[in-house]
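my_file-v2.txt follows (compact mmCIF, C-alpha atoms):
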```txt
# COMPACT_ATOMS: atom_id res chain seq x y z
CA MET S 308 2.67 -36.80 5.37
CA GLU S 309 2.93 -33.66 3.22
CA ALA S 310 0.85 -35.21 0.43
CA ARG S 311 -1.85 -36.19 2.93
CA ILE S 312 -2.07 -32.65 4.32
CA ILE S 313 -2.37 -31.16 0.84
CA SER S 314 -4.99 -33.73 -0.14
CA THR S 315 -7.04 -32.95 2.98
CA TYR S 316 -6.92 -29.20 2.29
CA TYR S 317 -8.10 -29.54 -1.30
CA ASP S 318 -10.69 -32.19 -0.41
CA TYR S 319 -12.12 -29.80 2.15
CA LEU S 320 -12.27 -26.99 -0.44
CA HIS S 321 -14.05 -29.29 -2.87
CA LYS S 322 -16.56 -30.72 -0.39
CA GLU S 323 -17.28 -27.82 1.95
CA PHE S 324 -16.82 -24.84 -0.39
CA GLN S 325 -17.98 -26.62 -3.57
CA ILE S 326 -14.89 -25.62 -5.52
CA ASN S 327 -14.75 -27.18 -8.98
CA SER S 328 -12.04 -29.85 -9.18
CA LYS S 329 -10.70 -28.28 -12.39
CA LEU S 330 -10.02 -25.03 -10.54
CA ILE S 331 -8.30 -26.94 -7.75
CA THR S 332 -6.06 -28.62 -10.33
CA LYS S 333 -5.20 -25.20 -11.77
CA VAL S 334 -4.27 -23.72 -8.42
CA GLN S 335 -2.10 -26.75 -7.64
CA GLU S 336 -0.33 -26.25 -10.97
CA ALA S 337 0.11 -22.55 -10.22
CA SER S 338 1.47 -23.27 -6.74
CA THR S 339 4.11 -25.63 -8.12
CA SER S 340 5.25 -23.01 -10.65
CA CYS S 341 5.52 -20.35 -7.93
CA GLN S 342 7.75 -22.23 -5.48
CA PRO S 343 11.06 -20.66 -6.68
CA ILE S 344 9.50 -17.17 -6.37
CA PHE S 345 8.25 -17.98 -2.88
CA GLN S 346 11.79 -18.82 -1.82
CA GLN S 347 13.05 -15.44 -3.08
CA ILE S 348 10.32 -13.65 -1.12
CA LYS S 349 11.23 -15.51 2.08
CA LYS S 350 14.81 -14.23 1.81
CA ILE S 351 13.54 -10.64 1.67
CA VAL S 352 11.28 -11.33 4.65
CA GLU S 353 14.25 -12.53 6.70
CA SER S 354 16.31 -9.47 5.80
CA ASN S 355 13.53 -7.02 6.65
CA GLN S 356 12.68 -8.87 9.87
CA LEU S 357 16.24 -8.36 11.08
CA LYS S 358 16.04 -4.68 10.16
CA VAL S 359 12.90 -4.22 12.24
CA LEU S 360 14.22 -6.26 15.18
CA HIS S 361 17.43 -4.24 15.25
CA SER S 362 15.43 -1.00 15.20
CA PHE S 363 13.47 -2.07 18.28
CA GLN S 364 16.67 -3.00 20.06
CA GLN S 365 18.57 0.16 19.07
CA ASN S 366 15.80 2.26 20.60
CA ASN S 367 15.61 0.19 23.81
CA ILE S 368 11.92 -0.58 23.53
CA ALA S 369 10.42 -1.97 26.75
CA ASP S 370 7.01 -3.12 27.95
CA PHE S 371 6.45 0.36 29.38
CA HIS S 372 6.37 1.83 25.87
CA LEU S 373 3.37 -0.29 24.88
CA ASN S 374 1.13 1.74 27.18
CA GLY S 375 -0.92 4.66 25.93
CA SER S 376 -1.96 8.09 27.12
CA THR S 377 -5.13 10.17 27.34
CA GLY S 378 -6.10 13.80 27.03
CA TYR S 379 -3.36 15.91 25.52
CA GLY S 380 -0.90 13.03 25.57
CA TYR S 381 1.90 15.02 27.17
CA GLY S 382 4.96 12.89 27.96
CA ASP S 383 3.75 9.88 25.98
CA GLU S 384 7.06 8.03 25.76
CA GLY S 385 5.53 5.08 23.96
CA ARG S 386 4.28 7.34 21.17
CA ASP S 387 7.59 9.16 20.90
CA LYS S 388 9.62 5.95 20.93
CA LEU S 389 7.40 4.43 18.22
CA GLU S 390 8.31 7.37 16.01
CA GLU S 391 11.98 6.80 16.75
CA VAL S 392 11.64 3.14 15.76
CA TYR S 393 9.95 4.12 12.48
CA ALA S 394 12.70 6.64 11.80
CA THR S 395 15.33 3.96 12.38
CA VAL S 396 13.57 1.36 10.22
CA PHE S 397 13.13 3.73 7.29
CA LYS S 398 16.51 5.50 7.72
CA ALA S 399 14.88 8.86 8.43
CA GLU S 400 15.95 11.84 10.51
CA LYS S 401 12.48 11.91 12.05
CA ALA S 402 9.08 10.23 11.76
CA LEU S 403 5.48 11.14 12.52
CA VAL S 404 3.34 8.09 13.42
CA ARG S 405 -0.10 8.88 14.80
CA SER S 406 -3.52 7.36 15.23
CA GLN S 407 -4.90 10.77 14.31
CA ILE S 408 -3.71 10.27 10.71
CA VAL S 409 -6.80 8.64 9.26
CA SER S 410 -5.47 7.19 5.99
CA GLY S 411 -2.57 7.03 3.57
CA THR S 412 -4.11 9.89 1.59
CA HIS S 413 -4.25 11.96 4.79
CA ALA S 414 -0.58 11.23 5.51
CA ILE S 415 0.40 12.30 1.99
CA ALA S 416 -1.78 15.40 2.26
CA LEU S 417 0.02 16.41 5.46
CA GLY S 418 3.35 16.12 3.69
CA LEU S 419 2.13 18.18 0.74
CA MET S 420 0.18 20.87 2.58
CA GLY S 421 2.77 21.24 5.30
CA ASN S 422 5.61 21.85 2.86
CA LEU S 423 4.06 23.78 -0.03
CA LYS S 424 3.21 27.47 0.03
CA ARG S 425 1.18 29.69 -2.27
CA GLY S 426 2.97 30.27 -5.57
CA GLU S 427 5.11 27.15 -5.29
CA GLU S 428 4.72 24.17 -7.59
CA LEU S 429 4.12 20.46 -7.14
CA ILE S 430 5.02 18.05 -9.95
CA SER S 431 3.76 14.50 -10.15
CA ALA S 432 6.57 12.57 -11.84
CA THR S 433 4.63 9.33 -12.24
CA GLY S 434 1.66 10.47 -14.25
CA ARG S 435 -1.82 10.93 -12.84
CA PRO S 436 -1.96 10.11 -9.12
CA TYR S 437 -4.37 7.78 -7.36
CA ASP S 438 -8.04 8.87 -7.39
CA THR S 439 -8.23 10.09 -3.77
CA LEU S 440 -5.07 12.20 -4.09
CA LEU S 441 -6.51 14.03 -7.11
CA LYS S 442 -9.02 15.65 -4.77
CA VAL S 443 -6.26 16.74 -2.39
CA ILE S 444 -4.52 18.35 -5.35
CA GLY S 445 -7.80 19.89 -6.50
CA ILE S 446 -8.06 18.78 -10.12
CA HIS S 447 -11.79 19.48 -10.11
CA GLY S 448 -11.70 22.60 -7.92
CA GLU S 449 -12.20 20.85 -4.57
CA GLU S 450 -12.62 23.09 -1.53
CA GLY S 451 -9.45 23.40 0.55
CA SER S 452 -7.26 21.69 -2.04
CA LEU S 453 -3.70 22.58 -3.00
CA ILE S 454 -4.73 24.30 -6.21
CA GLN S 455 -7.44 26.32 -4.46
CA ASN S 456 -4.80 27.46 -1.96
CA GLY S 457 -2.55 28.79 -4.71
CA ILE S 458 -0.25 25.81 -5.28
CA LYS S 459 0.65 25.26 -8.92
CA TYR S 460 0.48 21.72 -10.23
CA GLN S 461 1.62 19.76 -13.24
CA GLU S 462 1.98 16.07 -13.96
CA ILE S 463 4.45 14.36 -16.24
CA PRO S 464 2.87 11.60 -18.35
CA LEU S 465 4.68 8.30 -18.42
CA THR S 466 6.50 7.27 -21.57
CA ALA S 467 4.96 4.89 -24.10
CA GLU S 468 6.78 2.11 -22.21
CA LYS S 469 5.06 3.23 -18.95
CA GLU S 470 8.30 4.49 -17.43
CA ILE S 471 9.12 7.79 -15.73
CA ASP S 472 9.96 10.34 -18.42
CA LEU S 473 13.21 11.65 -16.96
CA GLU S 474 13.88 14.05 -19.82
CA GLN S 475 10.49 15.74 -19.62
CA LEU S 476 10.65 15.80 -15.84
CA GLY S 477 14.01 17.54 -15.91
CA ASN S 478 12.79 20.07 -18.48
CA SER S 479 9.63 20.81 -16.48
CA ILE S 480 11.26 21.73 -13.18
CA SER S 481 11.54 25.50 -12.73
CA PHE S 482 12.43 28.00 -10.00
CA GLN S 483 8.80 27.67 -8.77
CA THR S 484 9.03 23.91 -8.30
CA LYS S 485 9.19 23.07 -4.61
CA MET S 486 8.36 19.37 -4.64
CA VAL S 487 8.27 16.36 -6.93
CA ILE S 488 6.09 13.46 -5.83
CA PHE S 489 6.50 9.86 -6.95
CA GLN S 490 3.74 7.28 -6.56
CA ARG S 491 5.44 3.94 -5.95
CA SER S 492 2.36 1.77 -6.50
CA LYS S 493 0.29 1.55 -9.67
CA GLY S 494 -2.95 2.69 -8.03
CA TYR S 495 -5.85 1.97 -10.38
CA GLU S 496 -3.63 2.05 -13.46
CA TRP S 497 -2.64 -0.83 -15.73
CA ARG S 498 1.09 -0.32 -15.52
CA PRO S 499 4.06 -1.63 -13.56
CA SER S 500 4.68 -0.12 -10.16
CA PHE S 501 8.00 1.70 -9.71
CA ASN S 502 10.67 -0.26 -7.89
CA ILE S 503 13.41 1.17 -5.71
CA THR S 504 15.99 1.13 -8.52
CA GLN S 505 13.70 3.15 -10.80
CA LEU S 506 12.89 5.61 -8.04
CA GLU S 507 16.59 5.98 -7.25
CA GLN S 508 17.37 6.83 -10.87
CA ALA S 509 14.66 9.49 -11.02
CA ILE S 510 15.45 11.00 -7.62
CA LYS S 511 19.16 11.23 -8.45
CA MET S 512 18.34 13.06 -11.66
CA VAL S 513 16.25 15.59 -9.75
CA LYS S 514 18.77 16.03 -6.94
CA ASN S 515 21.80 16.30 -9.23
CA ASN S 516 20.20 19.15 -11.16
CA PHE S 517 17.86 20.70 -8.59
CA PRO S 518 19.22 19.87 -5.12
CA GLU S 519 16.70 22.09 -3.28
CA VAL S 520 13.64 20.38 -4.75
CA ILE S 521 11.93 18.05 -2.26
CA CYS S 522 11.46 14.48 -3.49
CA MET S 523 8.47 12.81 -1.82
CA VAL S 524 7.38 9.20 -2.34
CA ASP S 525 3.89 7.87 -1.77
CA ASN S 526 5.06 4.61 -0.19
CA CYS S 527 1.62 2.98 0.23
CA TYR S 528 1.61 -0.79 -0.41
CA GLY S 529 5.40 -0.83 -0.85
CA GLU S 530 6.88 -1.09 2.64
CA PHE S 531 9.03 -4.21 3.22
CA VAL S 532 8.48 -5.56 -0.30
CA GLU S 533 12.12 -4.90 -1.22
CA ASN S 534 15.30 -4.80 0.83
CA GLN S 535 15.49 -0.99 0.69
CA GLU S 536 13.05 1.88 1.17
CA PRO S 537 12.89 5.17 -0.78
CA LEU S 538 14.72 7.28 1.84
CA GLU S 539 17.73 5.00 1.42
CA VAL S 540 18.05 6.01 -2.24
CA GLY S 541 17.72 9.78 -1.83
CA ALA S 542 14.05 10.58 -1.18
CA ASP S 543 13.41 13.36 1.34
CA LEU S 544 9.97 12.29 2.55
CA ILE S 545 7.76 9.19 2.46
CA ALA S 546 4.23 8.57 3.68
CA GLY S 547 1.89 5.65 4.13
CA SER S 548 -0.90 3.99 6.09
CA LEU S 549 -0.72 1.67 9.07
CA ILE S 550 -3.70 -0.36 7.86
CA LYS S 551 -1.52 -1.30 4.92
CA ASN S 552 1.92 -2.93 5.06
CA PRO S 553 3.61 -1.44 8.16
CA GLY S 554 0.69 -2.17 10.48
CA GLY S 555 1.10 -5.90 9.94
CA GLY S 556 -2.65 -6.50 10.10
CA ILE S 557 -2.67 -5.56 13.79
CA ALA S 558 -2.45 -1.75 13.96
CA LEU S 559 -5.99 -0.48 14.50
CA THR S 560 -5.63 2.74 12.52
CA GLY S 561 -3.08 5.44 11.75
CA GLY S 562 -0.59 6.69 9.23
CA TYR S 563 3.03 7.74 9.10
CA LEU S 564 5.49 10.13 7.51
CA ALA S 565 9.26 9.74 7.67
CA GLY S 566 12.11 11.79 6.29
CA LYS S 567 14.04 14.98 6.92
CA GLU S 568 13.38 16.62 10.26
CA ASP S 569 12.20 19.99 8.95
CA LEU S 570 9.75 18.37 6.54
CA ILE S 571 8.30 16.20 9.30
CA ASN S 572 7.94 19.20 11.60
CA ASN S 573 6.09 21.09 8.86
CA ALA S 574 3.73 18.15 8.39
CA ALA S 575 3.16 18.01 12.16
CA PHE S 576 2.02 21.65 12.17
CA ARG S 577 -0.71 20.66 9.71
CA LEU S 578 -1.75 17.66 11.80
CA THR S 579 -1.97 19.66 15.04
CA ALA S 580 -1.32 23.43 14.98
CA PRO S 581 1.61 25.84 14.79
CA GLY S 582 3.41 25.87 18.11
CA ILE S 583 2.03 22.49 19.17
CA ASP S 584 4.10 20.35 16.81
CA LEU S 585 4.63 16.74 17.99
CA GLU S 586 4.24 17.31 21.72
CA VAL S 587 0.57 16.33 21.96
CA GLY S 588 -1.70 13.61 20.67
CA ALA S 589 -3.02 10.95 23.02
CA SER S 590 -2.20 7.42 21.86
CA LEU S 591 -4.97 5.73 23.91
CA ASN S 592 -4.73 2.00 23.00
CA PHE S 593 -2.76 2.63 19.82
CA ASN S 594 0.81 1.92 20.91
CA ARG S 595 0.73 -1.81 21.62
CA PRO S 596 -0.85 -2.93 18.29
CA ALA S 597 1.25 -0.39 16.38
CA TYR S 598 4.51 -1.78 17.80
CA GLN S 599 3.45 -5.40 17.40
CA GLY S 600 2.12 -4.79 13.90
CA LEU S 601 5.37 -3.21 12.80
CA PHE S 602 7.32 -6.14 14.19
CA LEU S 603 5.15 -8.61 12.26
CA ALA S 604 4.97 -6.49 9.11
CA PRO S 605 7.84 -8.15 7.17
CA LEU S 606 6.29 -11.61 7.70
CA ILE S 607 2.76 -10.49 6.79
CA VAL S 608 3.97 -8.61 3.71
CA GLY S 609 5.76 -11.79 2.66
CA GLU S 610 2.52 -13.78 2.94
CA ALA S 611 0.66 -11.14 0.92
CA LEU S 612 3.37 -11.17 -1.74
CA GLN S 613 3.25 -14.93 -2.08
CA GLY S 614 -0.51 -14.72 -2.45
CA ALA S 615 -0.20 -12.08 -5.16
CA VAL S 616 2.31 -14.24 -7.04
CA LEU S 617 0.01 -17.25 -6.80
CA ALA S 618 -3.00 -15.22 -7.96
CA ALA S 619 -1.04 -13.96 -10.97
CA LYS S 620 -0.14 -17.46 -12.10
CA PHE S 621 -3.57 -18.91 -11.32
CA PHE S 622 -5.56 -16.31 -13.25
CA GLN S 623 -3.03 -16.40 -16.08
CA LEU S 624 -3.70 -20.13 -16.38
CA LEU S 625 -7.41 -19.33 -16.50
CA GLY S 626 -6.81 -17.08 -19.51
CA PHE S 627 -6.82 -13.60 -17.95
CA ALA S 628 -4.22 -10.88 -18.43
CA VAL S 629 -2.36 -10.09 -15.20
CA LEU S 630 0.07 -7.38 -14.08
CA PRO S 631 2.71 -8.03 -12.95
CA GLN S 632 3.38 -11.53 -14.26
CA PHE S 633 3.92 -14.10 -11.52
CA ASP S 634 7.70 -14.22 -12.05
CA GLU S 635 8.33 -10.48 -12.46
CA PRO S 636 10.06 -8.46 -9.70
CA ARG S 637 7.65 -6.73 -7.32
CA THR S 638 7.72 -3.49 -5.39
CA ASP S 639 4.19 -3.54 -3.91
CA ILE S 640 1.61 -6.08 -2.77
CA ILE S 641 -0.97 -5.31 -5.47
CA GLN S 642 -1.94 -7.79 -8.18
CA ALA S 643 -3.94 -6.42 -11.09
CA ILE S 644 -6.18 -8.80 -13.06
CA ARG S 645 -7.98 -7.70 -16.24
CA LEU S 646 -11.42 -9.27 -16.04
CA GLY S 647 -12.93 -7.48 -19.03
CA SER S 648 -16.48 -6.93 -17.81
CA ARG S 649 -18.52 -5.37 -15.03
CA GLU S 650 -20.21 -8.72 -14.37
CA LEU S 651 -16.92 -10.54 -13.80
CA MET S 652 -15.69 -7.80 -11.46
CA LEU S 653 -18.84 -8.17 -9.38
CA SER S 654 -18.57 -11.97 -9.41
CA PHE S 655 -14.90 -11.87 -8.38
CA CYS S 656 -15.70 -9.70 -5.38
CA HIS S 657 -18.76 -11.76 -4.45
CA GLY S 658 -16.58 -14.88 -4.44
CA LEU S 659 -13.69 -13.32 -2.55
CA GLN S 660 -16.10 -12.04 0.09
CA LYS S 661 -17.16 -15.64 0.75
CA ALA S 662 -13.58 -16.35 1.85
CA CYS S 663 -13.53 -13.60 4.49
CA PRO S 664 -13.51 -14.43 8.23
CA LEU S 665 -15.99 -11.60 8.86
CA GLU S 666 -19.16 -10.84 6.90
CA ALA S 667 -18.69 -13.72 4.48
CA TYR S 668 -22.46 -13.70 4.07
CA VAL S 669 -22.44 -10.15 2.67
CA LYS S 670 -22.75 -9.53 -1.07
CA PRO S 671 -20.61 -6.51 -2.02
CA GLU S 672 -22.34 -3.87 -4.11
CA PRO S 673 -20.74 -1.01 -6.06
CA ALA S 674 -20.91 2.49 -4.65
CA LEU S 675 -19.50 5.96 -5.24
CA LEU S 676 -17.12 6.41 -2.31
CA PRO S 677 -15.57 9.63 -0.93
CA GLY S 678 -12.53 10.61 -2.96
CA TYR S 679 -13.38 8.53 -6.03
CA THR S 680 -14.75 9.57 -9.44
CA ASP S 681 -16.33 6.24 -10.48
CA GLU S 682 -18.35 3.62 -8.67
CA VAL S 683 -16.04 1.21 -6.84
CA ILE S 684 -16.62 -2.43 -5.95
CA MET S 685 -14.80 -3.71 -2.88
CA ALA S 686 -14.55 -7.07 -1.13
CA GLY S 687 -13.00 -7.63 2.26
CA GLY S 688 -14.42 -8.80 5.56
CA THR S 689 -11.38 -7.65 7.49
CA PHE S 690 -10.66 -7.47 11.22
CA ILE S 691 -9.53 -3.85 10.75
CA GLN S 692 -12.09 -1.89 8.75
CA GLY S 693 -10.71 -1.07 5.30
CA SER S 694 -7.42 -2.88 5.94
CA SER S 695 -5.68 -3.67 2.67
CA ILE S 696 -2.89 -5.74 4.19
CA GLU S 697 -5.69 -8.19 4.96
CA LEU S 698 -7.21 -10.05 2.01
CA SER S 699 -9.24 -7.64 -0.07
CA ALA S 700 -9.92 -6.55 -3.62
CA ASP S 701 -11.32 -3.46 -5.23
CA GLY S 702 -11.47 -1.51 -8.43
CA PRO S 703 -13.41 1.22 -10.24
CA LEU S 704 -16.22 -0.05 -12.44
CA ARG S 705 -14.93 1.36 -15.70
CA PRO S 706 -13.44 -0.23 -18.82
CA PRO S 707 -11.32 -2.32 -19.18
CA TYR S 708 -12.60 -3.60 -15.80
CA ASN S 709 -9.43 -4.35 -13.86
CA ILE S 710 -9.66 -5.75 -10.36
CA TYR S 711 -6.87 -5.06 -7.86
CA LEU S 712 -6.19 -7.83 -5.35
CA GLN S 713 -4.05 -7.12 -2.33
CA GLY S 714 -3.15 -8.37 1.10
CA GLY S 715 -3.77 -11.54 3.03
CA LEU S 716 -2.46 -12.54 6.44
CA SER S 717 -1.61 -16.06 5.27
CA LEU S 718 -0.93 -17.71 1.94
CA GLY S 719 -3.49 -20.43 2.68
CA HIS S 720 -6.23 -17.86 3.15
CA ILE S 721 -5.32 -16.06 -0.07
CA LYS S 722 -5.40 -19.35 -1.97
CA THR S 723 -8.91 -20.02 -0.66
CA GLY S 724 -9.97 -16.51 -1.63
CA ILE S 725 -8.85 -16.70 -5.23
CA LEU S 726 -10.45 -20.14 -5.65
CA LEU S 727 -13.79 -18.88 -4.36
CA ALA S 728 -13.50 -15.81 -6.61
CA ALA S 729 -12.84 -18.01 -9.65
CA GLU S 730 -15.69 -20.36 -8.70
CA GLU S 731 -18.12 -17.44 -8.52
CA MET S 732 -16.83 -16.10 -11.83
CA SER S 733 -17.47 -19.48 -13.45
CA LYS S 734 -21.19 -18.93 -12.88
CA THR S 735 -20.96 -15.82 -15.07
CA LYS S 736 -18.48 -17.11 -17.66
CA SER S 737 -16.68 -20.36 -18.24
CA VAL S 738 -13.21 -20.09 -16.65
```
Represent the structure contained in this file as structure tokens.
Amino acid sequence: MEARIISTYYDYLHKEFQINSKLITKVQEASTSCQPIFQQIKKIVESNQLKVLHSFQQNNIADFHLNGSTGYGYGDEGRDKLEEVYATVFKAEKALVRSQIVSGTHAIALGLMGNLKRGEELISATGRPYDTLLKVIGIHGEEGSLIQNGIKYQEIPLTAEKEIDLEQLGNSISFQTKMVIFQRSKGYEWRPSFNITQLEQAIKMVKNNFPEVICMVDNCYGEFVENQEPLEVGADLIAGSLIKNPGGGIALTGGYLAGKEDLINNAAFRLTAPGIDLEVGASLNFNRPAYQGLFLAPLIVGEALQGAVLAAKFFQLLGFAVLPQFDEPRTDIIQAIRLGSRELMLSFCHGLQKACPLEAYVKPEPALLPGYTDEVIMAGGTFIQGSSIELSADGPLRPPYNIYLQGGLSLGHIKTGILLAAEEMSKTKSV
């Protein structure tokens, strides 16, 4: 029966989507190689699912909490309880989870701007941050940025082995240093992402020598990939987006911060206003999908991880460099593939778009987007606009032309996506 189901799936791909039989053979080979890794991922999914379930139960979540509020949002118990659940899941003193946080970058910016004052210093311990965060910092003199508001900034380059330079980081912290930020995911860099063990080592070094320095982790793309989260290994503050991992493909919008109570309160003042804090903010129809998305998040992250593993092996078999390798440990859902040319990046995205449930007929074109310094090509006909826990890919059109694949609500959908991407690429170059 199993063989018949598999045969029907691949026959359908070949006949209806015109996928070359050689590519189908390659993805079958890749899938066989990945089975042991898939089993490891499923164990992590089970562990994280229990963690989330227990958090709902500990906070006595009921149907009543799924309802929203309007206007000022006074007395919105569903909103407040959602934040308690997030705090429990991530082992935080307090959490801020709001639809008014428009992106992961916005959540991080709240954590930075709410906790840094003029004359204090921010250090990036993981090299140059992601493109959109550079504008928050103010590398190029952006209006309203940290640097323009008198915050000092320095970044510690990674070592030749692309690891956190603990010695230089320790030597760079001074009496002015208020916060050290760690970017868990690779962003648009060709390097490994930093796993929980590596973050723990770096955070312990900072805390052992400079206990008053705040350690913040940009947790985007990393939630529920491992059995632990950064707050469990000493971080003071984390931030992320609900249209990435923790929204489970269901949350309509929003972002979160979690960590020490005073740091969360300071971030809340930036989101609302001094004196208002967390007491206002209508949730409208946000609560129900936010709760349900969080509950499903471990499962959906597991599907995305399996898809990333499969993509790594598949494109490796096709002769492309990939990072990480299919059998390497993972700490985020992103799979980098070095395509080597602008044309192949465009073809990859054109093919992946054909696999989308929405707007499959659209041909993605590069554009200069807000927060970026190079043209970016993106593919993703997602149910939630811009959702990167749903199947999508993007990358800046600059040498060496790396594409970053992420997300997918089911392994079967991701498999279809990478086959269509490879098929489209074959029209540009033999693969």
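Between atom CA of Ser548 of chain S and atom CA of Gln365 of chain S lies a distance of 23.7 Å.
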Listed atoms of segment 435-453 of chain S, axis-aligned box, 8 Å per side: centre and edge lengths to one decimal in Å, as lines of an AutoDock Vina configuration file?
```
center_x = -7.2
center_y = 15.6
center_z = -6.1
size_x = 26.8
size_y = 31.6
size_z = 29.4
```
Please build the interface table for segment 531-635 of chain S against segment 484-507 of chain S with a cut-off of 9 Å, listing for each qualifying residue the nearest atom pair and the distance in Å to one decimal; count only C-alpha atoms, order rows by chain and increasing number, and write it as CSV.
```
residue,atom,partner,partner_atom,distance
S:Glu533,CA,S:Ile503,CA,7.7
S:Gln535,CA,S:Ile503,CA,7.1
S:Glu536,CA,S:Ile503,CA,6.9
S:Pro537,CA,S:Ile503,CA,6.4
S:Glu539,CA,S:Glu507,CA,8.8
S:Val540,CA,S:Glu507,CA,5.2
S:Gly541,CA,S:Glu507,CA,6.7
S:Ala542,CA,S:Glu507,CA,8.0
S:Leu630,CA,S:Pro499,CA,7.0
S:Pro631,CA,S:Pro499,CA,6.6
```
Could you give me, as a PyMOL selection string, the residues within 7 Å of Ala674 of chain S, counting only C-alpha atoms and dropping anything in the same chain fewer than 6 positions from it?
chain S and resi 682-684
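From atom CA of Ser481 of chain S back to atom CA of Asn515 of chain S, the distance works out to 14.2 Å.
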Check the smallest atom-to-atom distance from each of S:Gly582, S:Gly451, S:Gly529, S:Pro596 to Gly385 of chain S using all atoms listed in the file, then report the winner.
S:Pro596
For segment 625-667 of chain S in the structure I just supplied, write out C-alpha atoms - as a PDB file, in the first residue's frame.
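Listing of selection-v8.pdb after writing:
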```pdb
ATOM      1  CA  LEU S 625      22.209  18.197  -7.796  1.00  0.00           C
ATOM      2  CA  GLY S 626      25.702  19.607  -7.264  1.00  0.00           C
ATOM      3  CA  PHE S 627      25.024  22.771  -5.261  1.00  0.00           C
ATOM      4  CA  ALA S 628      26.717  23.839  -2.032  1.00  0.00           C
ATOM      5  CA  VAL S 629      24.299  23.896   0.912  1.00  0.00           C
ATOM      6  CA  LEU S 630      24.442  25.173   4.495  1.00  0.00           C
ATOM      7  CA  PRO S 631      23.850  23.417   6.787  1.00  0.00           C
ATOM      8  CA  GLN S 632      24.455  19.943   5.400  1.00  0.00           C
ATOM      9  CA  PHE S 633      21.415  17.677   5.607  1.00  0.00           C
ATOM     10  CA  ASP S 634      22.794  15.695   8.558  1.00  0.00           C
ATOM     11  CA  GLU S 635      24.184  18.600  10.602  1.00  0.00           C
ATOM     12  CA  PRO S 636      22.452  19.757  13.815  1.00  0.00           C
ATOM     13  CA  ARG S 637      20.022  22.637  13.305  1.00  0.00           C
ATOM     14  CA  THR S 638      18.950  25.588  15.398  1.00  0.00           C
ATOM     15  CA  ASP S 639      16.700  27.389  12.891  1.00  0.00           C
ATOM     16  CA  ILE S 640      14.432  26.532   9.967  1.00  0.00           C
ATOM     17  CA  ILE S 641      16.536  28.221   7.276  1.00  0.00           C
ATOM     18  CA  GLN S 642      18.294  26.299   4.512  1.00  0.00           C
ATOM     19  CA  ALA S 643      20.870  28.210   2.494  1.00  0.00           C
ATOM     20  CA  ILE S 644      21.656  27.059  -1.057  1.00  0.00           C
ATOM     21  CA  ARG S 645      24.477  28.614  -3.097  1.00  0.00           C
ATOM     22  CA  LEU S 646      23.098  28.943  -6.616  1.00  0.00           C
ATOM     23  CA  GLY S 647      25.966  30.972  -8.058  1.00  0.00           C
ATOM     24  CA  SER S 648      24.095  33.276 -10.411  1.00  0.00           C
ATOM     25  CA  ARG S 649      21.335  35.869 -10.554  1.00  0.00           C
ATOM     26  CA  GLU S 650      19.548  33.833 -13.227  1.00  0.00           C
ATOM     27  CA  LEU S 651      19.377  30.700 -11.074  1.00  0.00           C
ATOM     28  CA  MET S 652      18.090  32.691  -8.098  1.00  0.00           C
ATOM     29  CA  LEU S 653      15.287  34.075 -10.240  1.00  0.00           C
ATOM     30  CA  SER S 654      14.520  30.635 -11.695  1.00  0.00           C
ATOM     31  CA  PHE S 655      14.451  29.034  -8.232  1.00  0.00           C
ATOM     32  CA  CYS S 656      11.916  31.571  -7.002  1.00  0.00           C
ATOM     33  CA  HIS S 657       9.839  31.344 -10.174  1.00  0.00           C
ATOM     34  CA  GLY S 658       9.645  27.574  -9.707  1.00  0.00           C
ATOM     35  CA  LEU S 659       8.906  27.692  -5.995  1.00  0.00           C
ATOM     36  CA  GLN S 660       6.127  30.199  -6.610  1.00  0.00           C
ATOM     37  CA  LYS S 661       4.431  27.641  -8.876  1.00  0.00           C
ATOM     38  CA  ALA S 662       4.090  25.377  -5.823  1.00  0.00           C
ATOM     39  CA  CYS S 663       2.237  27.972  -3.739  1.00  0.00           C
ATOM     40  CA  PRO S 664      -1.479  27.571  -2.888  1.00  0.00           C
ATOM     41  CA  LEU S 665      -2.022  31.286  -3.532  1.00  0.00           C
ATOM     42  CA  GLU S 666      -0.758  33.313  -6.490  1.00  0.00           C
ATOM     43  CA  ALA S 667       0.984  30.370  -8.127  1.00  0.00           C
TER      44      ALA S 667
END
```
